[in-house]
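Participant: Submitted below is the structure of interest, expressed as structure tokens.
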Amino acid sequence: VLVVMMLTSGISSSTRAWTPAYLHVVYGQTPALAAAFSSISWMLAASSRLGASMLIARIGAWRMVMLGVGISLIGLVSMAFSPNALLATLAIALTSIGLSPIFATCLAIGNERAGRSPGAVTGFLLFAAGISTVFCSWFFGFLLNDVGPLWAVGFCFVCMVMGGVLALRLRE
């Protein structure tokens with residue numbers, strides 16, 4: 001649970017935080033227009049969280065993680081090959097939508113597995129997610145600005161695939 005959380009939570013924050021920079025670097029958007037497109041991505045991701053709790057009750061926690069990872073992978077592939085900024089924005093939104101429920105789902109799975117000390121597990125997972133967010137955000141920004149945008153998306157893709165493979169192991 002900890003490793004899945006670290007692989008996916010940092011990518012979630014990085015993708016959302018670096019949306020304007022990605023659109024600016026890849027498509028030459030002005031910072032103001034890139035920020036406006038980024039707002040669309042944030043709005044869609046935030047609204048997707050509302051339905052996640054109802055869906056998790058229906059399909060279960062580990063299936064929710066796998067669904068989120070799958071949607072995020074589709075979004076990352078679309079993001080890497082989008083021909084224009086509007087489609088890239090929608091692909092980033094799709095990635096964020098897939099990543100949104102993973103964090104809460106991993107917390108729920110960790111608390112279920114912990115049994116008697118869910119508070120300690122939640123604190124430990126939040127601590128690990130914070131470290132992952134800082135590292136992934138830094139590394140995503142480094143790749144985006146110094147190596148190229150496809151490398152940054154590739155980094156996200158590798159982390160998501162690894163997180164998805166490990167999420168399959170969360171099954172009881």
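Just so we're on the same page: first chain in the structure tokens is A, next is B, and so on; residues restart at 1 for each chain, and ligands are numbered from 1 in the order they show up.
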Give me the residues near region 73-76 of chain A as an NGL selection string, where near means some atom within 6 Å (using only C-alpha atoms) and where sequence neighbours in that chain fewer than 3 positions away do not count.
Facilitator: :A and (70 or 79 or 91 or 94-95)
Participant: Suppose we keep C-alpha atoms; can you now write the selection as a PDB file, in the first residue's frame?
Facilitator:
ATOM      1  CA  GLY A  70      -6.072   2.556 -15.997  1.00  0.00           C
ATOM      2  CA  MET A  79      -1.166  13.688 -23.202  1.00  0.00           C
ATOM      3  CA  ALA A  91      -5.822  14.417 -21.520  1.00  0.00           C
ATOM      4  CA  LEU A  94      -8.327  12.575 -17.674  1.00  0.00           C
ATOM      5  CA  THR A  95      -5.043  11.762 -15.933  1.00  0.00           C
TER       6      THR A  95
END
Participant: Which residues are near Ala46 (chain A)? Cut-off 8 Å, only C-alpha atoms, ignore same chain within fewer than 3 positions. Put them as a PyMOL selection string.
Facilitator: chain A and resi 42-43+49-50+97+100
Participant: Which residue is closest to Gly141 (chain A)? Choose from A:Ser9, A:Ser96, A:Thr19, A:Thr30 and count only C-alpha atoms.
Facilitator: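 Between A:Ser9, A:Ser96, A:Thr19, A:Thr30, the residue approaching Gly141 (chain A) most closely is A:Thr19.
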Participant: So, with only C-alpha atoms as the atoms that count, which of A:Ala57, A:Ala45, A:Leu99, A:Val26 lies closest to Pro83 (chain A)?
Facilitator: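 The closest residue to Pro83 (chain A) is A:Val26.
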Participant: Could you check the closest approach to Arg63 (chain A) for each of A:Leu168, A:Leu126, A:Ala36, A:Ala21 and tell me which residue wins, using only C-alpha atoms?
Facilitator: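 For Arg63 (chain A), the nearest of the candidates is A:Leu168.
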Participant: What is the distance, in Å and to one decimal place, between CA of Thr133 (chain A) and CA of Ser13 (chain A)?
Facilitator: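 Separating CA of Thr133 (chain A) from CA of Ser13 (chain A) is a distance of 6.1 Å.
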Participant: For Leu86 (chain A), list every protein, DNA or RNA residue within 8 Å, evaluated using only C-alpha atoms, and leave out those in the same chain fewer than 3 positions away; present the list as a list in words.
Facilitator: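 Counting only the stated atoms, we get Phe37, Thr89 and Leu90 of chain A.
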